[in-house]
file data_23.cif (mmCIF, C-alpha atoms and all ligand atoms)
data_input
loop_
_atom_site.label_atom_id
_atom_site.label_comp_id
_atom_site.auth_asym_id
_atom_site.auth_seq_id
_atom_site.Cartn_x
_atom_site.Cartn_y
_atom_site.Cartn_z
CA MET J 1 0.00 0.00 0.00
CA ILE J 2 1.27 3.46 -0.95
CA VAL J 3 -0.01 6.50 0.96
CA LEU J 4 0.53 10.17 0.13
CA GLY J 5 0.32 12.57 3.09
CA ILE J 6 -0.28 16.32 3.06
CA GLU J 7 0.63 18.69 5.93
CA THR J 8 -0.28 22.40 5.96
CA SER J 9 -1.18 23.16 9.60
CA CYS J 10 1.38 25.96 10.03
CA ASP J 11 4.11 27.35 7.75
CA GLU J 12 5.43 24.13 6.17
CA THR J 13 3.85 22.69 3.04
CA GLY J 14 4.71 19.02 3.46
CA VAL J 15 4.03 16.18 1.05
CA GLY J 16 5.28 12.73 2.00
CA ILE J 17 4.89 9.29 0.47
CA VAL J 18 5.27 6.00 2.32
CA ARG J 19 4.92 2.33 1.42
CA HIS J 20 3.37 0.07 4.07
CA ASP J 21 3.58 -3.61 3.20
CA GLY J 22 5.26 -5.05 6.29
CA ALA J 23 5.58 -4.35 9.98
CA ALA J 24 6.01 -0.59 9.62
CA PRO J 25 5.71 2.01 6.85
CA VAL J 26 8.82 2.86 4.80
CA LEU J 27 9.64 6.42 3.72
CA LEU J 28 9.74 7.00 -0.05
CA ALA J 29 9.59 10.82 -0.27
CA ASN J 30 9.36 13.80 2.07
CA GLU J 31 9.11 17.15 0.26
CA VAL J 32 8.90 20.23 2.47
CA ALA J 33 8.48 23.82 1.24
CA SER J 34 8.63 26.34 4.08
CA SER J 35 7.38 29.92 4.11
CA VAL J 36 9.40 30.62 7.28
CA ASP J 37 11.53 33.31 5.58
CA GLU J 38 8.39 35.26 4.65
CA HIS J 39 7.36 35.36 8.34
CA ALA J 40 10.80 36.22 9.74
CA ARG J 41 10.40 40.00 9.54
CA PHE J 42 7.14 39.74 11.55
CA GLY J 43 8.82 37.66 14.26
CA GLY J 44 6.14 34.97 14.02
CA VAL J 45 3.92 33.09 11.56
CA VAL J 46 1.35 35.30 9.77
CA PRO J 47 -1.65 33.06 8.96
CA GLU J 48 -2.67 34.79 5.72
CA VAL J 49 0.90 34.67 4.38
CA ALA J 50 1.13 30.97 5.30
CA SER J 51 -2.14 30.12 3.50
CA ARG J 52 -1.06 31.83 0.28
CA ALA J 53 2.33 30.13 0.39
CA HIS J 54 0.62 26.71 0.78
CA LEU J 55 -1.52 27.41 -2.30
CA GLN J 56 1.56 28.16 -4.38
CA ALA J 57 3.68 25.30 -3.07
CA MET J 58 1.10 22.48 -3.01
CA VAL J 59 0.94 21.11 -6.56
CA PRO J 60 4.70 21.39 -7.23
CA ALA J 61 5.38 19.63 -3.89
CA VAL J 62 3.04 16.75 -4.81
CA ARG J 63 4.75 16.41 -8.22
CA ARG J 64 8.20 16.43 -6.64
CA ALA J 65 7.16 13.85 -4.04
CA LEU J 66 5.80 11.47 -6.70
CA ALA J 67 9.00 11.88 -8.75
CA THR J 68 11.26 11.35 -5.72
CA ALA J 69 9.32 8.26 -4.66
CA GLY J 70 9.50 6.90 -8.20
CA VAL J 71 5.76 6.29 -8.32
CA THR J 72 2.91 7.71 -10.39
CA ALA J 73 -0.48 8.98 -9.27
CA ARG J 74 -1.94 5.61 -10.29
CA ASP J 75 0.20 3.83 -7.68
CA VAL J 76 -1.20 5.83 -4.73
CA ASP J 77 -3.69 3.78 -2.65
CA ALA J 78 -4.79 6.47 -0.16
CA VAL J 79 -4.40 10.17 0.61
CA ALA J 80 -3.96 11.40 4.18
CA VAL J 81 -4.11 15.00 5.35
CA THR J 82 -3.74 16.97 8.57
CA ALA J 83 -7.31 18.05 9.46
CA GLY J 84 -6.25 19.82 12.69
CA PRO J 85 -5.16 21.32 14.98
CA GLY J 86 -3.51 24.31 13.32
CA LEU J 87 -4.21 27.57 11.51
CA THR J 88 -7.66 27.35 9.89
CA GLY J 89 -6.78 28.98 6.56
CA ALA J 90 -3.59 26.97 6.27
CA LEU J 91 -5.34 23.67 7.12
CA LEU J 92 -8.06 24.39 4.55
CA VAL J 93 -5.53 24.52 1.70
CA GLY J 94 -4.22 21.05 2.54
CA VAL J 95 -7.67 19.57 3.18
CA ALA J 96 -9.02 20.95 -0.12
CA ALA J 97 -6.00 19.63 -2.03
CA ALA J 98 -6.28 16.20 -0.39
CA LYS J 99 -9.98 15.96 -1.28
CA ALA J 100 -9.19 16.88 -4.88
CA TYR J 101 -6.42 14.29 -5.20
CA ALA J 102 -8.47 11.56 -3.47
CA THR J 103 -11.40 12.26 -5.79
CA ALA J 104 -9.31 12.47 -8.96
CA TRP J 105 -7.37 9.29 -8.12
CA ASP J 106 -10.46 7.51 -6.72
CA VAL J 107 -8.77 6.49 -3.45
CA PRO J 108 -9.83 6.83 0.22
CA LEU J 109 -9.14 10.03 2.16
CA TYR J 110 -7.88 9.96 5.78
CA GLY J 111 -8.12 13.17 7.81
CA VAL J 112 -5.61 12.85 10.64
CA ASN J 113 -4.66 14.66 13.84
CA HIS J 114 -1.40 16.59 13.61
CA LEU J 115 -0.20 15.53 17.08
CA ALA J 116 -0.89 11.85 16.44
CA ALA J 117 1.07 12.23 13.18
CA HIS J 118 4.08 13.62 15.12
CA VAL J 119 4.01 10.32 17.06
CA ALA J 120 3.47 8.03 14.05
CA VAL J 121 6.44 9.47 12.13
CA ASP J 122 8.84 7.67 14.45
CA THR J 123 7.82 4.30 12.97
CA LEU J 124 9.45 5.39 9.66
CA GLN J 125 12.83 5.50 11.38
CA HIS J 126 12.59 3.03 14.27
CA GLY J 127 9.94 0.51 13.19
CA PRO J 128 6.85 -0.65 15.11
CA LEU J 129 6.07 1.50 18.16
CA PRO J 130 5.31 -0.18 21.50
CA PRO J 131 2.84 1.53 23.88
CA CYS J 132 4.57 4.77 24.83
CA LEU J 133 4.44 8.13 26.50
CA ALA J 134 4.93 10.96 23.99
CA LEU J 135 6.28 14.45 24.67
CA LEU J 136 5.41 16.69 21.71
CA VAL J 137 7.06 20.09 21.77
CA SER J 138 6.94 22.60 18.92
CA GLY J 139 6.11 26.20 18.10
CA GLY J 140 2.40 25.42 18.38
CA HIS J 141 2.11 22.69 21.01
CA SER J 142 3.61 21.24 24.19
CA SER J 143 1.76 18.07 25.12
CA LEU J 144 2.21 14.87 27.07
CA LEU J 145 0.24 11.98 25.57
CA ASP J 146 -0.30 8.39 26.63
CA VAL J 147 -0.20 6.39 23.38
CA PRO J 148 -1.27 2.74 23.75
CA ASP J 149 -1.35 2.23 19.95
CA VAL J 150 -0.08 4.37 17.10
CA ALA J 151 -3.35 4.01 15.16
CA GLY J 152 -5.68 4.17 18.16
CA PRO J 153 -7.04 6.80 20.53
CA VAL J 154 -4.50 8.53 22.78
CA THR J 155 -4.97 10.02 26.25
CA PRO J 156 -3.78 13.60 26.72
CA LEU J 157 -2.17 13.90 30.16
CA GLY J 158 -1.18 17.55 30.06
CA ALA J 159 -0.29 20.53 27.88
CA THR J 160 0.97 24.06 28.14
CA ILE J 161 -1.39 26.51 29.80
CA ASP J 162 0.21 29.49 28.01
CA ASP J 163 3.13 29.51 25.53
CA ALA J 164 4.30 26.43 23.64
CA ALA J 165 7.93 25.46 24.31
CA GLY J 166 9.03 26.48 20.80
CA GLU J 167 7.20 29.78 21.14
CA ALA J 168 9.19 30.45 24.33
CA PHE J 169 12.44 29.65 22.48
CA ASP J 170 11.43 32.00 19.64
CA LYS J 171 10.50 34.85 22.00
CA ILE J 172 13.70 34.56 24.05
CA ALA J 173 15.75 34.43 20.85
CA ARG J 174 14.14 37.68 19.75
CA LEU J 175 14.91 39.24 23.12
CA LEU J 176 18.55 38.21 22.73
CA GLY J 177 18.73 39.60 19.18
CA LEU J 178 18.82 36.19 17.47
CA PRO J 179 16.97 35.49 14.16
CA PHE J 180 13.53 33.81 13.79
CA PRO J 181 12.78 30.98 14.27
CA GLY J 182 14.96 31.25 17.32
CA GLY J 183 15.06 27.69 18.71
CA PRO J 184 18.04 26.47 16.69
CA HIS J 185 19.93 29.73 17.38
CA VAL J 186 19.36 29.51 21.16
CA ASP J 187 20.52 25.87 20.99
CA ARG J 188 23.70 26.90 19.11
CA VAL J 189 24.52 29.93 21.29
CA ALA J 190 23.76 28.03 24.54
CA ALA J 191 26.48 25.50 23.72
CA ASP J 192 29.06 28.12 24.82
CA GLY J 193 27.14 29.21 27.93
CA ASP J 194 26.81 28.09 31.54
CA PRO J 195 23.36 26.57 32.20
CA ARG J 196 23.78 27.35 35.92
CA ALA J 197 24.66 31.03 35.39
CA VAL J 198 21.11 32.21 36.20
CA ALA J 199 18.55 30.20 38.23
CA PHE J 200 15.45 30.90 36.14
CA PRO J 201 12.08 29.64 37.48
CA ARG J 202 10.71 26.18 36.62
CA GLY J 203 6.99 26.73 35.88
CA LEU J 204 4.27 24.53 37.44
CA THR J 205 6.63 22.37 39.48
CA GLY J 206 5.11 23.07 42.90
CA PRO J 207 3.43 20.29 44.93
CA ARG J 208 -0.07 21.64 44.20
CA ASP J 209 0.53 22.30 40.48
CA ALA J 210 -0.93 20.09 37.75
CA PRO J 211 1.80 17.44 37.44
CA PHE J 212 1.74 17.18 33.64
CA ASP J 213 0.85 20.71 32.51
CA PHE J 214 3.49 23.23 31.43
CA SER J 215 3.82 27.00 31.74
CA PHE J 216 6.55 29.03 30.07
CA SER J 217 5.23 32.59 30.27
CA GLY J 218 6.63 33.20 33.80
CA LEU J 219 10.04 32.01 32.61
CA LYS J 220 9.83 34.30 29.59
CA THR J 221 9.07 37.28 31.87
CA ALA J 222 11.90 36.33 34.24
CA VAL J 223 14.40 36.25 31.36
CA ALA J 224 13.10 39.59 30.04
CA ARG J 225 13.44 41.20 33.52
CA HIS J 226 16.95 39.79 33.91
CA VAL J 227 18.07 41.20 30.54
CA GLU J 228 16.39 44.58 31.21
CA ALA J 229 18.11 44.89 34.59
CA LEU J 230 21.52 44.24 33.01
CA GLU J 231 20.84 46.77 30.24
CA ARG J 232 19.69 49.41 32.76
CA ALA J 233 22.90 48.91 34.72
CA GLY J 234 24.91 49.25 31.50
CA THR J 235 26.26 45.70 31.91
CA PRO J 236 26.77 43.73 28.66
CA VAL J 237 24.27 40.84 28.41
CA PRO J 238 26.10 37.49 28.57
CA VAL J 239 23.97 36.06 25.73
CA ALA J 240 25.41 32.54 25.86
CA ASP J 241 24.87 32.22 29.64
CA VAL J 242 21.31 33.60 29.47
CA ALA J 243 20.46 31.31 26.52
CA ALA J 244 21.94 28.27 28.29
CA SER J 245 20.16 29.05 31.59
CA PHE J 246 16.83 29.62 29.83
CA GLN J 247 17.21 26.43 27.79
CA GLU J 248 18.09 24.46 30.92
CA ALA J 249 14.93 25.70 32.68
CA VAL J 250 12.71 24.59 29.75
CA VAL J 251 14.42 21.26 29.22
CA ASP J 252 14.60 20.44 32.93
CA VAL J 253 10.82 20.75 33.32
CA LEU J 254 9.99 18.98 30.04
CA THR J 255 12.15 15.94 30.80
CA ALA J 256 11.24 15.70 34.50
CA LYS J 257 7.50 15.71 33.75
CA ALA J 258 7.81 13.35 30.78
CA VAL J 259 9.80 10.77 32.76
CA ARG J 260 7.42 11.07 35.73
CA ALA J 261 4.43 10.59 33.41
CA ALA J 262 6.05 7.53 31.81
CA ARG J 263 6.67 6.04 35.26
CA GLU J 264 3.15 6.74 36.53
CA ARG J 265 1.52 5.29 33.41
CA GLY J 266 3.85 2.29 33.36
CA ALA J 267 5.17 3.20 29.89
CA GLU J 268 8.51 1.59 29.05
CA THR J 269 9.17 3.92 26.12
CA LEU J 270 9.31 7.72 25.89
CA LEU J 271 9.00 9.32 22.47
CA LEU J 272 10.01 12.91 21.70
CA GLY J 273 8.52 14.77 18.75
CA GLY J 274 7.91 18.25 17.34
CA GLY J 275 10.45 20.87 16.27
CA VAL J 276 11.86 21.42 19.77
CA ALA J 277 12.80 17.72 19.91
CA ALA J 278 15.68 18.80 17.64
CA ASN J 279 17.16 20.63 20.67
CA SER J 280 20.51 19.09 21.58
CA ARG J 281 20.18 19.68 25.34
CA LEU J 282 16.63 18.26 25.41
CA ARG J 283 17.84 15.12 23.68
CA ALA J 284 20.84 14.76 26.01
CA LEU J 285 18.94 15.33 29.27
CA ALA J 286 16.04 13.11 28.16
CA GLN J 287 18.55 10.34 27.42
CA GLU J 288 20.23 10.79 30.81
CA ARG J 289 16.95 10.70 32.75
CA CYS J 290 15.49 7.83 30.72
CA ASP J 291 18.65 5.78 31.31
CA ALA J 292 18.38 6.43 35.05
CA ALA J 293 14.69 5.41 35.04
CA GLY J 294 15.13 2.34 32.81
CA ILE J 295 12.97 3.83 30.06
CA ALA J 296 13.76 3.44 26.35
CA LEU J 297 13.98 6.80 24.54
CA ARG J 298 12.96 7.20 20.90
CA VAL J 299 13.62 10.45 19.04
CA PRO J 300 13.15 10.73 15.27
CA ARG J 301 15.90 12.54 13.34
CA PRO J 302 15.40 16.34 13.21
CA GLY J 303 13.97 16.35 9.64
CA LEU J 304 11.15 14.07 10.83
CA CYS J 305 10.57 16.02 14.10
CA THR J 306 9.66 19.31 12.40
CA ASP J 307 6.37 19.50 10.47
CA ASN J 308 6.37 17.37 7.32
CA GLY J 309 4.12 15.32 5.06
CA ALA J 310 5.77 11.97 5.79
CA MET J 311 4.35 12.00 9.32
CA VAL J 312 0.85 12.39 7.91
CA ALA J 313 1.43 9.66 5.32
CA ALA J 314 2.78 7.39 8.08
CA LEU J 315 -0.29 7.83 10.27
CA GLY J 316 -2.60 7.46 7.24
CA ALA J 317 -0.87 4.18 6.39
CA HIS J 318 -1.24 2.87 9.97
CA LEU J 319 -4.95 3.79 9.93
CA ALA J 320 -5.54 2.18 6.53
CA VAL J 321 -3.74 -1.03 7.52
CA ALA J 322 -5.67 -1.12 10.85
CA GLY J 323 -8.93 -0.95 8.84
CA ALA J 324 -9.97 2.46 10.20
CA PRO J 325 -12.87 4.05 8.34
CA ALA J 326 -11.93 6.60 5.67
CA SER J 327 -13.03 10.23 6.10
CA PRO J 328 -16.01 11.66 4.22
CA LEU J 329 -15.31 14.04 1.32
CA ASP J 330 -16.88 16.87 3.32
CA LEU J 331 -14.15 16.45 5.98
CA PRO J 332 -13.81 19.82 7.76
CA ALA J 333 -10.60 21.48 8.91
CA ASP J 334 -10.68 21.79 12.72
CA SER J 335 -8.20 24.33 14.07
CA ALA J 336 -8.78 23.19 17.67
CA MET J 337 -9.07 19.42 17.01
CA PRO J 338 -8.54 17.52 20.28
CA VAL J 339 -6.03 14.69 20.07
O1 LIG O 401 7.26 21.27 14.72
P1 LIG O 401 7.68 22.58 14.14
O2 LIG O 401 8.51 22.56 12.89
O3 LIG O 401 6.46 23.49 13.80
C1 LIG O 401 5.40 23.70 14.65
O4 LIG O 401 4.42 22.89 14.63
O5 LIG O 401 5.49 24.69 15.41
O6 LIG O 401 8.47 23.36 15.31
C2 LIG O 401 9.05 24.63 15.13
C3 LIG O 401 9.55 25.11 16.47
C4 LIG O 401 10.04 26.56 16.46
O7 LIG O 401 9.51 27.24 17.57
C5 LIG O 401 11.55 26.41 16.56
O8 LIG O 401 12.19 27.52 17.16
C6 LIG O 401 11.67 25.16 17.40
O9 LIG O 401 10.65 24.30 16.91
N1 LIG O 401 12.98 24.52 17.25
C7 LIG O 401 13.87 24.41 18.26
C8 LIG O 401 15.03 23.80 17.72
N2 LIG O 401 14.79 23.54 16.39
C9 LIG O 401 13.53 23.99 16.13
N3 LIG O 401 13.79 24.77 19.55
C10 LIG O 401 14.86 24.54 20.32
N4 LIG O 401 16.00 23.97 19.88
C11 LIG O 401 16.14 23.58 18.60
N5 LIG O 401 17.26 23.02 18.16
ZN ZN O 402 3.87 20.23 14.56
#
call {"tool": "encode", "arguments": {"input": "data_23.cif", "output": "structure tokens"}}
result
Amino acid sequence: MIVLGIETSCDETGVGIVRHDGAAPVLLANEVASSVDEHARFGGVVPEVASRAHLQAMVPAVRRALATAGVTARDVDAVAVTAGPGLTGALLVGVAAAKAYATAWDVPLYGVNHLAAHVAVDTLQHGPLPPCLALLVSGGHSSLLDVPDVAGPVTPLGATIDDAAGEAFDKIARLLGLPFPGGPHVDRVAADGDPRAVAFPRGLTGPRDAPFDFSFSGLKTAVARHVEALERAGTPVPVADVAASFQEAVVDVLTAKAVRAARERGAETLLLGGGVAANSRLRALAQERCDAAGIALRVPRPGLCTDNGAMVAALGAHLAVAGAPASPLDLPADSAMPV
């Protein structure tokens, strides 16, 4: 079975193709066109700009994906698409395109959840996924999910109550004069800094706080106050130390809560996903804490962690093979789709 997946929930137009004949789907193509440069001067994603960019990029991306995979439209057995959550206008472009391709090629359509797709993508790299606890961290989401089966319902355990982890990275990068999107730049700059230089607050870690929710807005304010105080005093801002201390505060909370959730739910595997899972310190500390807790850690390579079409194709293939019902052709886009 060959499945083509379309992702347009934010600023990446992703088209992926997988083949699923055995234990796990195999990646054939993963074309990603990003409009990130068009958003850079605004310091964040502009929904209208993203939607227009998806419209322009969609058909060429599908053609490139088919060519890269070495298949023709006639070989495709199903089309999968992100139906939510995400930006409504952006989602609608992908959903409309997927309906058109599914109709023209006379194959079933699978509308999938973006977060569940971030989990399913790991099977392209590491094979069948045992029941796991997933920590999904990106510019749009920060969630802890209990995932008994990659193609089945998942239980959300917690999420951010304010900023997403990636959003916090992007805002702090801006504050430190680093380009957008700031996550990779904070990661790079922090490598030369001391993570213990400033003891920034760890949000929602008190005994009465929700154990699996996250909050990053207090941390963001604390970093801003720290930088402002230095500037007022005429002291040069030690960018590397501030970046490293901020990053440590985020990663400390993310890994502590993820490992605790895995323990409490009896999950033997922890999976990281989303753009922030590319963070070198997050990967290192997660590995350290999983080793100490006897938990297996799975992290897809960075190109599969950020938004892409292969993750959607992978989940579509799992659903099709599991015999899940296809979506109707009036499938709506749902910007707030629960997982
Ligand atoms: O999953 P993704 O590509 O798109 C969303 O769904 O948001 O994630 C993008 C986010 C951005 O906020 C970006 O700054 C962050 O992931 N990011 C990182 C790193 N690489 C990307 N954050 C921290 N460290 C990184 N190395
Ligand atoms: Zn995402």
call {"tool": "residues_near_ligand", "arguments": {"input": "data_23.cif", "ligand": "ligand LIG 401 (chain O)", "cutoff": "8 Å", "atoms": "all atoms listed in the file", "output": "PyMOL selection string"}}
result
chain J and resi 9-12+137-141+165-170+180-188+273-280+282+302+305-308
call {"tool": "axis_aligned_box", "arguments": {"input": "data_23.cif", "around": "region 30-33 of chain J", "padding_each_side": "4 Å", "output": "JSON"}}
result
{"center_x": 8.9, "center_y": 18.8, "center_z": 1.4, "size_x": 8.9, "size_y": 18.0, "size_z": 10.2}
call {"tool": "closest_residue", "arguments": {"input": "data_23.cif", "among": "J:Ala286, J:Val299, J:Leu92, J:Leu4", "to": "Ser335 (chain J)", "atoms": "all atoms listed in the file"}}
result
J:Leu92
call {"tool": "residues_around", "arguments": {"input": "data_23.cif", "residues": "Leu331 (chain J)", "least_positions_apart": "6", "cutoff": "10 Å", "atoms": "all atoms listed in the file", "output": "tab-separated table (two decimals) with C-alpha atoms, in the coordinates of the input"}}
result
chain	number	residue	atom	x	y	z
J	83	ALA	CA	-7.31	18.05	9.46
J	95	VAL	CA	-7.67	19.57	3.18
J	96	ALA	CA	-9.02	20.95	-0.12
J	99	LYS	CA	-9.98	15.96	-1.28
J	109	LEU	CA	-9.14	10.03	2.16
J	110	TYR	CA	-7.88	9.96	5.78
J	111	GLY	CA	-8.12	13.17	7.81
call {"tool": "closest_residue", "arguments": {"input": "data_23.cif", "among": "J:Leu136, J:Val76, J:Val93, J:Ala224", "to": "ligand ZN 402 (chain O)", "atoms": "all atoms listed in the file"}}
result
J:Leu136
call {"tool": "residues_around", "arguments": {"input": "data_23.cif", "residues": "Thr155 (chain J)", "least_positions_apart": "6", "cutoff": "8 Å", "atoms": "all atoms listed in the file", "output": "list in words"}}
result
Leu145, Asp146, Val147 and Val339 of chain J
call {"tool": "write_last_selection", "arguments": {"input": "data_23.cif", "atoms": "C-alpha atoms", "output": "compact mmCIF listing (two decimals), in the frame of the given file"}}
result
# COMPACT_ATOMS: atom_id res chain seq x y z
CA LEU J 145 0.24 11.98 25.57
CA ASP J 146 -0.30 8.39 26.63
CA VAL J 147 -0.20 6.39 23.38
CA VAL J 339 -6.03 14.69 20.07
call {"tool": "residues_around", "arguments": {"input": "data_23.cif", "residues": "region 312-318 of chain J", "least_positions_apart": "3", "cutoff": "7 Å", "atoms": "all atoms listed in the file", "output": "tab-separated table (two decimals) with C-alpha atoms, in the coordinates of the input"}}
result
chain	number	residue	atom	x	y	z
J	3	VAL	CA	-0.01	6.50	0.96
J	4	LEU	CA	0.53	10.17	0.13
J	5	GLY	CA	0.32	12.57	3.09
J	6	ILE	CA	-0.28	16.32	3.06
J	7	GLU	CA	0.63	18.69	5.93
J	16	GLY	CA	5.28	12.73	2.00
J	17	ILE	CA	4.89	9.29	0.47
J	18	VAL	CA	5.27	6.00	2.32
J	20	HIS	CA	3.37	0.07	4.07
J	25	PRO	CA	5.71	2.01	6.85
J	80	ALA	CA	-3.96	11.40	4.18
J	81	VAL	CA	-4.11	15.00	5.35
J	82	THR	CA	-3.74	16.97	8.57
J	110	TYR	CA	-7.88	9.96	5.78
J	117	ALA	CA	1.07	12.23	13.18
J	120	ALA	CA	3.47	8.03	14.05
J	121	VAL	CA	6.44	9.47	12.13
J	151	ALA	CA	-3.35	4.01	15.16
J	309	GLY	CA	4.12	15.32	5.06
J	321	VAL	CA	-3.74	-1.03	7.52
J	322	ALA	CA	-5.67	-1.12	10.85
call {"tool": "residues_around", "arguments": {"input": "data_23.cif", "residues": "Val150 (chain J)", "least_positions_apart": "2", "cutoff": "9 Å", "atoms": "only C-alpha atoms", "output": "JSON, numbers by chain"}}
result
{"J": [116, 117, 119, 120, 123, 128, 129, 130, 131, 147, 148, 152, 153, 154, 315, 318, 319]}
call {"tool": "atom_distance", "arguments": {"input": "data_23.cif", "atom1": "CA of Val112 (chain J)", "atom2": "CA of Val250 (chain J)"}}
result
29.0 Å
call {"tool": "closest_residue", "arguments": {"input": "data_23.cif", "among": "J:Ala249, J:Ala233, J:Ala262, J:Ala164", "to": "ligand ZN 402 (chain O)", "atoms": "all atoms listed in the file"}}
result
J:Ala164
